[in-house]
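Listing of run_18.csv, CSV, C-alpha atoms
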chain,number,residue,atom,x,y,z
A,1,MET,CA,-3.3,-37.4,-46.4
A,2,LEU,CA,-3.8,-33.9,-47.8
A,3,ALA,CA,-7.6,-34.4,-47.3
A,4,GLY,CA,-7.0,-35.5,-43.7
A,5,LEU,CA,-4.8,-32.5,-43.0
A,6,THR,CA,-7.5,-30.2,-44.5
A,7,VAL,CA,-10.2,-31.8,-42.3
A,8,ILE,CA,-8.0,-31.3,-39.2
A,9,LEU,CA,-7.3,-27.6,-40.1
A,10,ALA,CA,-11.0,-27.0,-40.8
A,11,THR,CA,-11.9,-28.6,-37.4
A,12,LEU,CA,-9.3,-26.4,-35.6
A,13,ALA,CA,-10.5,-23.3,-37.4
A,14,THR,CA,-14.1,-24.1,-36.4
A,15,LEU,CA,-13.1,-24.7,-32.8
A,16,SER,CA,-11.1,-21.5,-32.7
A,17,TYR,CA,-14.1,-19.6,-34.2
A,18,PHE,CA,-16.5,-20.9,-31.6
A,19,GLN,CA,-14.0,-20.1,-28.8
A,20,SER,CA,-13.5,-16.6,-30.0
A,21,ALA,CA,-17.3,-16.1,-30.4
A,22,LYS,CA,-17.8,-17.4,-26.8
A,23,SER,CA,-15.0,-15.1,-25.6
A,24,GLY,CA,-16.7,-12.2,-27.4
A,25,ARG,CA,-20.0,-12.9,-25.8
A,26,GLU,CA,-18.4,-13.1,-22.3
A,27,ILE,CA,-16.6,-9.8,-22.9
A,28,LYS,CA,-19.8,-8.2,-24.1
A,29,ASP,CA,-21.7,-9.5,-21.0
A,30,LEU,CA,-18.9,-8.2,-18.7
A,31,GLN,CA,-19.0,-4.8,-20.4
A,32,GLN,CA,-22.8,-4.7,-19.8
A,33,LYS,CA,-22.3,-5.6,-16.2
A,34,VAL,CA,-19.6,-2.9,-15.8
A,35,ALA,CA,-21.9,-0.3,-17.4
A,36,VAL,CA,-24.8,-1.3,-15.0
A,37,LEU,CA,-22.5,-1.0,-12.0
A,38,GLN,CA,-21.1,2.4,-13.3
A,39,LYS,CA,-24.7,3.7,-13.6
A,40,GLN,CA,-25.5,2.5,-10.1
A,41,ARG,CA,-22.3,4.1,-8.8
A,42,GLU,CA,-23.2,7.4,-10.5
A,43,ALA,CA,-26.7,7.3,-9.1
A,44,LEU,CA,-25.4,6.7,-5.5
A,45,ILE,CA,-22.9,9.6,-5.9
A,46,ALA,CA,-25.7,11.8,-7.1
A,47,VAL,CA,-27.8,10.9,-4.0
A,48,GLU,CA,-24.7,11.5,-1.8
A,49,ASN,CA,-24.1,14.9,-3.3
A,50,LEU,CA,-27.7,16.2,-2.7
A,51,PRO,CA,-27.8,19.3,-0.4
A,52,ALA,CA,-30.0,17.4,2.1
A,53,ASN,CA,-27.2,14.7,2.4
A,54,ARG,CA,-24.3,17.1,2.7
A,55,ASP,CA,-23.9,16.8,6.5
A,56,VAL,CA,-24.1,13.0,6.5
A,57,THR,CA,-21.5,12.9,3.6
A,58,LEU,CA,-19.1,15.2,5.5
A,59,GLN,CA,-19.4,13.1,8.6
A,60,LYS,CA,-18.9,9.8,6.6
A,61,ASN,CA,-15.8,11.2,4.9
A,62,PHE,CA,-14.5,12.4,8.3
A,63,TRP,CA,-14.9,9.1,10.0
A,64,ASN,CA,-13.6,7.1,7.1
A,65,ALA,CA,-10.5,9.3,7.2
A,66,GLN,CA,-10.1,8.8,10.9
A,67,LEU,CA,-10.4,5.0,10.5
A,68,ALA,CA,-7.8,5.0,7.7
A,69,LYS,CA,-5.4,7.0,9.8
A,70,ARG,CA,-5.8,4.6,12.7
A,71,ASN,CA,-4.8,1.7,10.5
A,72,LEU,CA,-1.3,3.1,10.2
A,73,SER,CA,1.1,1.1,12.3
A,74,TRP,CA,3.9,3.5,13.3
A,75,THR,CA,6.0,0.6,14.4
A,76,GLN,CA,5.6,-1.1,11.0
A,77,LEU,CA,6.4,2.2,9.2
A,78,PHE,CA,9.6,2.8,11.2
A,79,ASN,CA,10.7,-0.8,10.6
A,80,ASP,CA,10.0,-0.5,6.9
A,81,LEU,CA,12.0,2.8,6.8
A,82,GLN,CA,14.8,1.3,8.9
A,83,LYS,CA,15.3,-1.5,6.3
A,84,ILE,CA,15.8,0.9,3.4
A,85,MET,CA,17.4,4.0,5.0
A,86,PRO,CA,20.9,4.8,3.8
A,87,ASP,CA,23.8,4.9,6.3
A,88,ARG,CA,24.1,8.3,8.0
A,89,ALA,CA,20.7,9.4,6.9
A,90,PHE,CA,18.0,10.0,9.6
A,91,LEU,CA,14.3,10.4,9.7
A,92,ASN,CA,13.4,13.9,11.0
A,93,SER,CA,9.6,13.8,10.7
A,94,VAL,CA,6.7,12.0,9.2
A,95,LYS,CA,3.4,13.5,8.3
A,96,PRO,CA,0.7,11.0,7.2
A,97,GLU,CA,-2.2,12.3,5.0
A,98,LEU,CA,-5.0,10.7,3.1
A,99,THR,CA,-5.4,11.3,-0.6
A,100,HIS,CA,-8.8,12.0,-2.2
A,101,ASP,CA,-9.2,8.3,-2.9
A,102,ASN,CA,-8.3,7.3,0.8
A,103,ARG,CA,-4.8,6.1,0.1
A,104,LEU,CA,-2.2,6.8,2.7
A,105,ALA,CA,0.4,9.4,1.7
A,106,LEU,CA,3.5,10.3,3.7
A,107,LYS,CA,5.6,13.5,3.8
A,108,LEU,CA,9.0,12.4,5.1
A,109,VAL,CA,11.7,14.8,6.2
A,110,ILE,CA,15.2,13.2,6.0
A,111,VAL,CA,18.4,14.6,7.2
A,112,SER,CA,21.7,13.3,5.8
A,113,GLU,CA,25.4,14.1,5.5
A,114,LYS,CA,25.5,13.4,1.8
A,115,PRO,CA,23.3,14.9,-1.0
A,116,ASP,CA,23.2,11.6,-2.8
A,117,ASP,CA,21.3,9.9,0.1
A,118,ALA,CA,18.0,11.3,-1.0
A,119,ARG,CA,18.3,9.7,-4.5
A,120,GLU,CA,19.5,6.5,-2.9
A,121,LEU,CA,16.5,6.4,-0.5
A,122,GLN,CA,14.1,7.2,-3.4
A,123,LYS,CA,15.5,4.3,-5.4
A,124,ARG,CA,15.2,1.9,-2.4
A,125,MET,CA,11.6,3.1,-1.9
A,126,GLU,CA,10.8,2.4,-5.5
A,127,ASP,CA,12.2,-1.1,-5.1
A,128,SER,CA,10.2,-1.7,-1.9
A,129,ALA,CA,6.8,-3.3,-1.8
A,130,ARG,CA,5.5,-0.8,0.8
A,131,PHE,CA,6.2,2.6,-0.9
A,132,ARG,CA,4.7,3.8,-4.1
A,133,ALA,CA,5.7,6.7,-6.4
A,134,PRO,CA,8.3,8.3,-4.1
A,135,HIS,CA,9.4,11.8,-5.2
A,136,ILE,CA,11.8,14.4,-3.8
A,137,ASP,CA,9.8,17.6,-3.2
A,138,VAL,CA,12.5,19.8,-1.5
A,139,GLU,CA,16.2,19.5,-1.2
A,140,SER,CA,18.2,22.0,0.8
A,141,ARG,CA,21.6,22.4,2.5
A,142,GLN,CA,21.6,23.2,6.1
A,143,LYS,CA,24.4,25.2,7.8
A,144,ALA,CA,26.6,23.3,10.2
A,145,GLU,CA,26.0,23.9,13.9
A,146,GLY,CA,29.7,23.8,14.9
A,147,LYS,CA,32.9,24.7,13.1
A,148,SER,CA,34.0,21.1,12.8
A,149,ALA,CA,30.6,19.7,12.0
A,150,PRO,CA,29.9,18.8,8.3
A,151,PRO,CA,27.0,20.5,6.6
A,152,LEU,CA,23.7,18.6,6.6
A,153,TRP,CA,21.3,18.0,3.8
A,154,LYS,CA,17.5,18.1,4.3
A,155,PHE,CA,15.1,16.4,2.0
A,156,GLU,CA,11.4,16.3,1.9
A,157,ILE,CA,10.1,13.1,0.2
A,158,GLY,CA,6.5,12.4,-0.7
A,159,THR,CA,5.3,8.9,-1.2
A,160,GLU,CA,2.3,6.6,-0.9
A,161,TYR,CA,2.5,4.0,1.7
A,162,ALA,CA,0.9,0.5,1.7
A,163,PRO,CA,1.1,-1.0,5.2
A,164,ALA,CA,1.4,-4.7,5.6
A,165,SER,CA,-1.8,-6.6,6.1
A,166,ALA,CA,-3.3,-6.2,9.5
A,167,ALA,CA,-4.4,-9.9,9.6
A,168,PRO,CA,-3.1,-11.7,12.6
A,169,GLN,CA,-0.2,-14.0,12.0
A,170,PRO,CA,-0.6,-17.7,13.2
A,171,ARG,CA,1.1,-18.3,16.4
A,172,SER,CA,3.8,-21.0,16.8
A,173,PRO,CA,3.0,-24.1,18.9
A,174,GLN,CA,5.2,-22.6,21.7
A,175,GLU,CA,3.0,-19.5,21.9
A,176,ARG,CA,-0.4,-21.3,21.9
A,177,PRO,CA,-2.1,-21.7,25.2
A,178,GLY,CA,-2.4,-25.3,26.6
A,179,GLN,CA,0.4,-26.7,24.5
A,180,GLY,CA,2.8,-27.2,27.4
A,181,ALA,CA,4.9,-24.2,26.6
A,182,THR,CA,5.9,-21.6,29.1
A,183,LYS,CA,6.5,-17.9,28.7
A,184,PRO,CA,10.1,-16.6,29.1
A,185,GLY,CA,10.8,-15.9,32.7
A,186,HIS,CA,8.1,-18.2,34.1
A,187,SER,CA,8.5,-21.7,35.5
A,188,GLY,CA,6.3,-24.5,34.2
A,189,THR,CA,4.6,-25.0,37.6
A,190,LYS,CA,1.4,-23.3,38.7
A,191,GLU,CA,1.3,-21.4,41.9
A,192,ALA,CA,-1.3,-22.5,44.5
A,193,SER,CA,-3.8,-19.9,45.4

Structure rendered as structure tokens:
Amino acid sequence: MLAGLTVILATLATLSYFQSAKSGREIKDLQQKVAVLQKQREALIAVENLPANRDVTLQKNFWNAQLAKRNLSWTQLFNDLQKIMPDRAFLNSVKPELTHDNRLALKLVIVSEKPDDARELQKRMEDSARFRAPHIDVESRQKAEGKSAPPLWKFEIGTEYAPASAAPQPRSPQERPGQGATKPGHSGTKEAS
């Protein structure tokens, strides 16, 4: 029985050795492929940075930035903010920017009646799937406009924003043409022309 157990352990050790050797070879192959891709990337960046290519590179960067800005859905952004905005806190302004690696960054100005609303909004943004690394840049108290009006707090929050996928959602059977469904406010009969 002891000899059988020894044979089983030896077999398992041999299998484990061959699996780790195979994994090691796969890791080495992947590292070599990454190194080749990195060299290709560096060569392309060097060509892109040549003085003769400067104008094309500037135009490419400009148009890429314009396309990235156009992908921002203001409706989606406002809906995402509405879901996480604390009570009695209001969005004053939004300034979208692109980071050096073409990520969408936002500068939000929030006005609120309570100073704790900024930290509450920051926490909700951290828990959200849309906002990344939110941070409060500026926090200031604003003077009240009237004698009975409470003072307001103004916050500037910086964050990265990851919009929802722009892929079209499948339509329900009622929305598909030719399925016998009618649009709201329309009768099911066709008018004669």

message: Please compute the CA of Leu106 in chain A-CA of Val94 in chain A distance, one decimal, in Å.
response: 6.6 Å

message: I'd like the neighbourhood of Ser128 in chain A as a VMD selection string, where a residue qualifies if any of its atoms comes within 12 Å (using all atoms listed in the file), though same-chain residues fewer than 6 positions away should be ignored.
response: chain A and resid 80 to 81 83 to 85 121 to 122 134 159 to 164

Would you save the residues from that selection as a short mmCIF file (atom, residue, chain, number, x, y, z; two decimals), in the frame of the given file, using C-alpha atoms?
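again_10.cif written:
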data_model
loop_
_atom_site.label_atom_id
_atom_site.label_comp_id
_atom_site.auth_asym_id
_atom_site.auth_seq_id
_atom_site.Cartn_x
_atom_site.Cartn_y
_atom_site.Cartn_z
CA ASP A 80 10.00 -0.50 6.90
CA LEU A 81 12.00 2.80 6.80
CA LYS A 83 15.30 -1.50 6.30
CA ILE A 84 15.80 0.90 3.40
CA MET A 85 17.40 4.00 5.00
CA LEU A 121 16.50 6.40 -0.50
CA GLN A 122 14.10 7.20 -3.40
CA PRO A 134 8.30 8.30 -4.10
CA THR A 159 5.30 8.90 -1.20
CA GLU A 160 2.30 6.60 -0.90
CA TYR A 161 2.50 4.00 1.70
CA ALA A 162 0.90 0.50 1.70
CA PRO A 163 1.10 -1.00 5.20
CA ALA A 164 1.40 -4.70 5.60
#

task: Record the distance separating CA of Asp87 in chain A and CA of Leu104 in chain A, expressed in Å with one decimal.
output: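 One can read the CA of Asp87 in chain A to CA of Leu104 in chain A distance as 26.3 Å.
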
query: Which residues, written as JSON, numbers by chain, have at least one atom at most 12 Å from Asn61 in chain A, with only C-alpha atoms counted and residues fewer than 3 positions away on the same chain left out?
result: {"A": [48, 54, 55, 56, 57, 58, 64, 65, 66, 67, 68, 98, 99, 100, 101, 102]}

- prompt: Which residues, written as a list in words, have at least one atom at most 7 Å from Phe90 in chain A, with all atoms listed in the file counted and residues fewer than 5 positions away on the same chain left out?
  reply: Ile110, Val111 and Ser112 of chain A

- prompt: Which value, in Å to one decimal, gives the distance between CA of Ala129 in chain A and CA of Phe62 in chain A?
  reply: 28.3 Å

- request: Would you mind telling me which residue in A:His135, A:Pro86, A:Ile157, A:Ser20 lies nearest to Leu108 in chain A when using only C-alpha atoms?
  value: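 Once distances to Leu108 in chain A are computed over only C-alpha atoms, the minimum belongs to A:Ile157.
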
field: Selected residue, from A:Gln38, A:Ala52, A:Gly158, A:Arg141, that lies nearest to Lys95 in chain A when counting only C-alpha atoms
entry: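 Between A:Gln38, A:Ala52, A:Gly158, A:Arg141, the residue approaching Lys95 in chain A most closely is A:Gly158.
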
message: I'd like the neighbourhood of Pro115 in chain A as a count of residues only, where a residue qualifies if any of its atoms comes within 10 Å (using only C-alpha atoms), though same-chain residues fewer than 2 positions away should be ignored.
response: 15

Keeping N, CA and C atoms (and nothing else), can you write range 61-87 of chain A of this structure as a CSV table (one decimal), in the first residue's frame?
chain,number,residue,atom,x,y,z
A,61,ASN,N,-4.1,63.8,-33.8
A,61,ASN,CA,-4.5,64.0,-32.4
A,61,ASN,C,-5.7,64.9,-32.3
A,62,PHE,N,-5.8,65.9,-33.1
A,62,PHE,CA,-6.9,66.8,-33.0
A,62,PHE,C,-8.2,66.1,-33.4
A,63,TRP,N,-8.2,65.3,-34.5
A,63,TRP,CA,-9.4,64.6,-34.9
A,63,TRP,C,-9.8,63.5,-34.0
A,64,ASN,N,-8.8,62.8,-33.5
A,64,ASN,CA,-9.1,61.8,-32.5
A,64,ASN,C,-9.8,62.4,-31.2
A,65,ALA,N,-9.3,63.6,-30.8
A,65,ALA,CA,-9.9,64.2,-29.7
A,65,ALA,C,-11.3,64.7,-30.0
A,66,GLN,N,-11.6,65.2,-31.2
A,66,GLN,CA,-12.9,65.6,-31.6
A,66,GLN,C,-13.9,64.4,-31.6
A,67,LEU,N,-13.4,63.3,-32.1
A,67,LEU,CA,-14.3,62.1,-32.2
A,67,LEU,C,-14.6,61.6,-30.8
A,68,ALA,N,-13.6,61.6,-29.9
A,68,ALA,CA,-13.8,61.2,-28.5
A,68,ALA,C,-14.8,62.1,-27.8
A,69,LYS,N,-14.7,63.4,-28.0
A,69,LYS,CA,-15.7,64.3,-27.4
A,69,LYS,C,-17.1,64.1,-27.9
A,70,ARG,N,-17.2,63.8,-29.2
A,70,ARG,CA,-18.5,63.5,-29.8
A,70,ARG,C,-19.2,62.3,-29.2
A,71,ASN,N,-18.4,61.4,-28.7
A,71,ASN,CA,-19.0,60.1,-28.1
A,71,ASN,C,-19.6,60.4,-26.8
A,72,LEU,N,-19.4,61.6,-26.2
A,72,LEU,CA,-20.1,61.9,-24.9
A,72,LEU,C,-21.6,62.1,-25.2
A,73,SER,N,-22.4,61.4,-24.5
A,73,SER,CA,-23.8,61.6,-24.5
A,73,SER,C,-24.2,62.4,-23.3
A,74,TRP,N,-24.6,63.7,-23.6
A,74,TRP,CA,-25.0,64.6,-22.5
A,74,TRP,C,-26.2,64.0,-21.8
A,75,THR,N,-27.1,63.5,-22.5
A,75,THR,CA,-28.3,62.9,-21.8
A,75,THR,C,-27.9,61.8,-20.9
A,76,GLN,N,-27.0,60.9,-21.3
A,76,GLN,CA,-26.6,59.8,-20.5
A,76,GLN,C,-25.8,60.3,-19.2
A,77,LEU,N,-25.0,61.3,-19.5
A,77,LEU,CA,-24.2,61.9,-18.4
A,77,LEU,C,-25.2,62.5,-17.3
A,78,PHE,N,-26.2,63.3,-17.8
A,78,PHE,CA,-27.1,63.9,-16.8
A,78,PHE,C,-27.9,62.8,-16.1
A,79,ASN,N,-28.3,61.8,-16.8
A,79,ASN,CA,-29.0,60.7,-16.1
A,79,ASN,C,-28.2,60.0,-15.1
A,80,ASP,N,-26.9,59.8,-15.4
A,80,ASP,CA,-26.0,59.1,-14.4
A,80,ASP,C,-25.8,60.0,-13.2
A,81,LEU,N,-25.7,61.3,-13.4
A,81,LEU,CA,-25.5,62.3,-12.3
A,81,LEU,C,-26.8,62.4,-11.5
A,82,GLN,N,-27.9,62.4,-12.2
A,82,GLN,CA,-29.2,62.5,-11.4
A,82,GLN,C,-29.4,61.3,-10.5
A,83,LYS,N,-28.9,60.1,-10.8
A,83,LYS,CA,-29.1,58.9,-10.0
A,83,LYS,C,-28.3,59.0,-8.7
A,84,ILE,N,-27.2,59.8,-8.7
A,84,ILE,CA,-26.3,59.8,-7.6
A,84,ILE,C,-26.2,61.1,-6.8
A,85,MET,N,-26.9,62.1,-7.4
A,85,MET,CA,-26.8,63.5,-6.8
A,85,MET,C,-27.5,63.5,-5.4
A,86,PRO,N,-26.9,64.0,-4.4
A,86,PRO,CA,-27.6,64.1,-3.1
A,86,PRO,C,-28.7,65.1,-3.2
A,87,ASP,N,-29.7,65.0,-2.3
A,87,ASP,CA,-30.8,65.9,-2.2
A,87,ASP,C,-30.3,67.4,-2.0
